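Report on the structure given below.
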Amino acid sequence: MRFLSKDRFRKPIVCGLFLVHLLCIAGCGGDRQSNGKAAEIPGVSDGEILLGSSCALSGIAAFQGTEYIRGALTCFHDINAQGGVHGRRIRLVTTDDAYSPARCVANTQQLINEDRVFALTCYLGTPTAVKIIPLVQEAHIPIVGLMTGASALREPFKHCIVNIRASYFEETEATVRHLVEDVGLSRFAVFYQYDAYGFDGLTGAGLALKRYGLEPVARASYTRGTMDVSEAAEQIAASSAQAVIVVGTYGPAAKFIQLVKQRKADLIFHAVSFVGPEELAEKLGSDAEDVIITQVVPSPWETELLPAAARYNRLLVKYFPGRKPSFAGFEGFINAVLLVEGLKRAGHDLSRERLIEAIESIRQFDVGIAQPLDYGPKDHQGLKQVYFTRVKDGRFVPIDDWQQIRRERPVPAVPNAAGGKTQ
């Protein structure tokens, strides 16, 4: 892959948060010395803006991470070919954390203190991202675009963290609403990864069900980095659930769905966006049919309807020939478009704080996906939209009519007190 980067794992460095603070001058871009003279801005020179990323380029989330970075680079390469932003080319230093929180922390310390990047971008995963929040806040460095819907990145508000995608709470809330109100379900189970990511999805599902006076009829988890899902599959298959909300990565999620389907074929399965839709569908094969997956960006294959999808596909062919479009790649591309717009609005006299202020000035910004991006001084999440797809004949088909799902898949029966079946 032709990354403009150093794709390597960085060894942890001996550096505390106090040192980060000294190196990065107070303020999200505390950019002036006490005598009033402009200080050197980390990662900014006359000809370059240096960005840093810690992302899963290997391990259990490698597909999402690799696609996410590639999508961002299609945009950055194109901007650089046009002369950059105010005459500065964008260079992205990528490091591989393999979806490990400890490695993500070490990489982020390295990017801030050794590489001295201007800003961070293209981070992936809840368990990794939540661990670097203290580093980002102490260093007052902007981080723009994270592939996670974690609530901890949104509440309470954090000045230096800029999200683009909808949250996991928004994904699960929309899913429960449609399945309860439109499909007529009332009994839900949750299968989740036992870490911050899974807990966020579990909490979101619980809050969404509570609005209808419901709660999960079963909860089962697996350990991150393993494929040990057999016990969880047995537990949920034995429950009275009509639908299962899946909060995991593609490998364990696929094995879990296959095992449960062997016992209970009429269950409806929903997976949140981080699952890795393409890899999940490939691993499931025919078992992927009708699995519902929420997305936080529209289909990257809608090139006739969405200008951003057309541009993403064109640039992917140009800079990464032979690579296929993906939801993760399209999300990375949109994140990069937003970051570039912020850099443009910040002007030639660039600073970290000016970048944050520039993004906060964005209102109804058309990125070419039909849904505009909106920000504000206390609103650092650009998109709230959740998109629904289900797998049909190996393709991701948008769900436009939930009543059709109800007609095609009658509400699964559940046991009643007398031991019989009821709807």
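Letters for chains follow the order of the structure tokens (A, B, ...), residue numbers begin at 1 for each chain, and ligand numbers begin at 1 in the order shown.
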
*Go through range 109-292 of chain A and collect every residue that DSSP, computed from the backbone, puts in helix (DSSP H, G or I); the answer should be as a ChimeraX atom specification.*
/A:109-113,126-139,151-153,168-181,196-210,230-237,250-263,273-275,277-288

Within 8 Å of Val117 in chain A using only C-alpha atoms, minus same-chain residues under 6 positions, as a PDB file with C-alpha atoms, in the first residue's frame:
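What landed in around-v9.pdb:
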```pdb
ATOM      1  CA  PRO A  42       4.506  21.787  15.548  1.00  0.00           C
ATOM      2  CA  GLY A  43       4.118  19.970  12.237  1.00  0.00           C
ATOM      3  CA  VAL A  44       3.789  23.087  10.098  1.00  0.00           C
ATOM      4  CA  LEU A  50       2.288  16.910   9.184  1.00  0.00           C
ATOM      5  CA  LEU A  51      -0.571  14.785  10.534  1.00  0.00           C
ATOM      6  CA  GLY A  52      -0.382  11.629  12.640  1.00  0.00           C
ATOM      7  CA  LEU A 111       3.502  11.212  17.245  1.00  0.00           C
TER       8      LEU A 111
END
```

_Between CA of Lys264 in chain A and CA of Asp287 in chain A, what is the distance in Å, rounded to a tenth?_
12.3 Å

DSSP strand (DSSP E or B) selection over range 91-199 of chain A, as a CSV table (one decimal) with N, CA and C atoms, in the first residue's frame:
```csv
chain,number,residue,atom,x,y,z
A,91,ARG,N,1.1,15.6,4.8
A,91,ARG,CA,1.7,14.3,4.9
A,91,ARG,C,1.2,13.6,6.2
A,92,LEU,N,0.8,12.3,6.0
A,92,LEU,CA,0.2,11.6,7.1
A,92,LEU,C,1.2,10.5,7.6
A,93,VAL,N,1.6,10.6,8.8
A,93,VAL,CA,2.5,9.6,9.4
A,93,VAL,C,1.5,8.6,10.1
A,94,THR,N,1.5,7.3,9.6
A,94,THR,CA,0.6,6.3,10.2
A,94,THR,C,1.4,5.3,11.0
A,95,THR,N,0.9,4.9,12.1
A,95,THR,CA,1.5,3.9,13.0
A,95,THR,C,0.5,2.8,13.2
A,96,ASP,N,0.9,1.6,13.4
A,96,ASP,CA,0.0,0.4,13.6
A,96,ASP,C,-0.1,0.1,15.0
A,119,ALA,N,-1.5,17.8,14.0
A,119,ALA,CA,-2.8,17.3,14.5
A,119,ALA,C,-2.9,15.8,14.3
A,120,LEU,N,-3.9,15.2,14.9
A,120,LEU,CA,-4.1,13.7,14.8
A,120,LEU,C,-5.3,13.5,14.0
A,121,THR,N,-5.4,12.3,13.3
A,121,THR,CA,-6.6,12.0,12.6
A,121,THR,C,-6.6,10.5,12.3
A,122,CYS,N,-7.7,10.0,11.8
A,122,CYS,CA,-7.8,8.6,11.4
A,122,CYS,C,-7.4,7.6,12.6
A,123,TYR,N,-8.0,7.8,13.7
A,123,TYR,CA,-7.9,6.8,14.8
A,123,TYR,C,-9.1,5.9,14.7
A,124,LEU,N,-8.9,4.6,15.2
A,124,LEU,CA,-9.9,3.6,15.0
A,124,LEU,C,-10.1,2.8,16.3
A,143,ILE,N,-7.7,16.4,17.4
A,143,ILE,CA,-7.8,15.0,16.8
A,143,ILE,C,-9.1,15.1,16.0
A,144,VAL,N,-9.0,14.9,14.7
A,144,VAL,CA,-10.2,15.1,13.8
A,144,VAL,C,-10.5,13.8,13.1
A,145,GLY,N,-11.6,13.2,13.4
A,145,GLY,CA,-12.0,12.0,12.7
A,145,GLY,C,-11.5,10.7,13.4
A,146,LEU,N,-12.5,10.1,14.0
A,146,LEU,CA,-12.2,8.8,14.7
A,146,LEU,C,-13.2,7.8,14.3
A,147,MET,N,-12.8,6.6,13.9
A,147,MET,CA,-13.8,5.6,13.5
A,147,MET,C,-14.3,4.8,14.8
A,161,ILE,N,-11.4,17.3,20.5
A,161,ILE,CA,-11.8,16.1,19.8
A,161,ILE,C,-12.9,16.5,18.8
A,162,VAL,N,-12.8,16.2,17.5
A,162,VAL,CA,-13.8,16.4,16.5
A,162,VAL,C,-14.2,15.1,15.9
A,163,ASN,N,-15.5,14.8,16.1
A,163,ASN,CA,-16.1,13.6,15.5
A,163,ASN,C,-16.8,13.9,14.2
A,188,PHE,N,-35.2,-8.7,22.8
A,188,PHE,CA,-33.9,-8.4,22.2
A,188,PHE,C,-32.8,-9.0,23.1
A,189,ALA,N,-31.8,-9.6,22.4
A,189,ALA,CA,-30.5,-10.0,23.1
A,189,ALA,C,-29.4,-9.1,22.6
A,190,VAL,N,-28.3,-9.0,23.4
A,190,VAL,CA,-27.1,-8.3,22.9
A,190,VAL,C,-25.9,-9.1,23.1
A,191,PHE,N,-25.2,-9.2,22.0
A,191,PHE,CA,-23.9,-9.9,22.0
A,191,PHE,C,-22.8,-8.9,21.8
A,192,TYR,N,-21.9,-8.8,22.7
A,192,TYR,CA,-20.9,-7.7,22.7
A,192,TYR,C,-19.5,-8.1,23.1
A,193,GLN,N,-18.6,-7.3,22.6
A,193,GLN,CA,-17.2,-7.4,22.9
A,193,GLN,C,-16.9,-6.9,24.3
```

*Using only C-alpha atoms, determine which residues lie at most 9 Å from Val229 in chain A, disregarding the query and same-chain residues fewer than 4 positions distant; provide the list as a ChimeraX atom specification.*
/A:220-223,233-234,252-253,255-256,259

Keeping only C-alpha atoms, write the selected residues as a PDB file, in the first residue's frame.
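Now in part-v4.pdb:
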```
ATOM      1  CA  ALA A 220     -23.531 -12.467  26.256  1.00  0.00           C
ATOM      2  CA  SER A 221     -19.983 -11.367  25.549  1.00  0.00           C
ATOM      3  CA  TYR A 222     -16.610 -12.497  24.228  1.00  0.00           C
ATOM      4  CA  THR A 223     -13.050 -11.356  24.943  1.00  0.00           C
ATOM      5  CA  ALA A 233     -23.969 -18.394  21.128  1.00  0.00           C
ATOM      6  CA  GLU A 234     -25.446 -21.159  23.296  1.00  0.00           C
ATOM      7  CA  PRO A 252     -16.080 -13.260  16.159  1.00  0.00           C
ATOM      8  CA  ALA A 253     -19.368 -11.751  14.950  1.00  0.00           C
ATOM      9  CA  LYS A 255     -18.747 -17.152  13.960  1.00  0.00           C
ATOM     10  CA  PHE A 256     -21.375 -16.156  16.542  1.00  0.00           C
ATOM     11  CA  LEU A 259     -23.508 -20.816  15.504  1.00  0.00           C
TER      12      LEU A 259
END
```
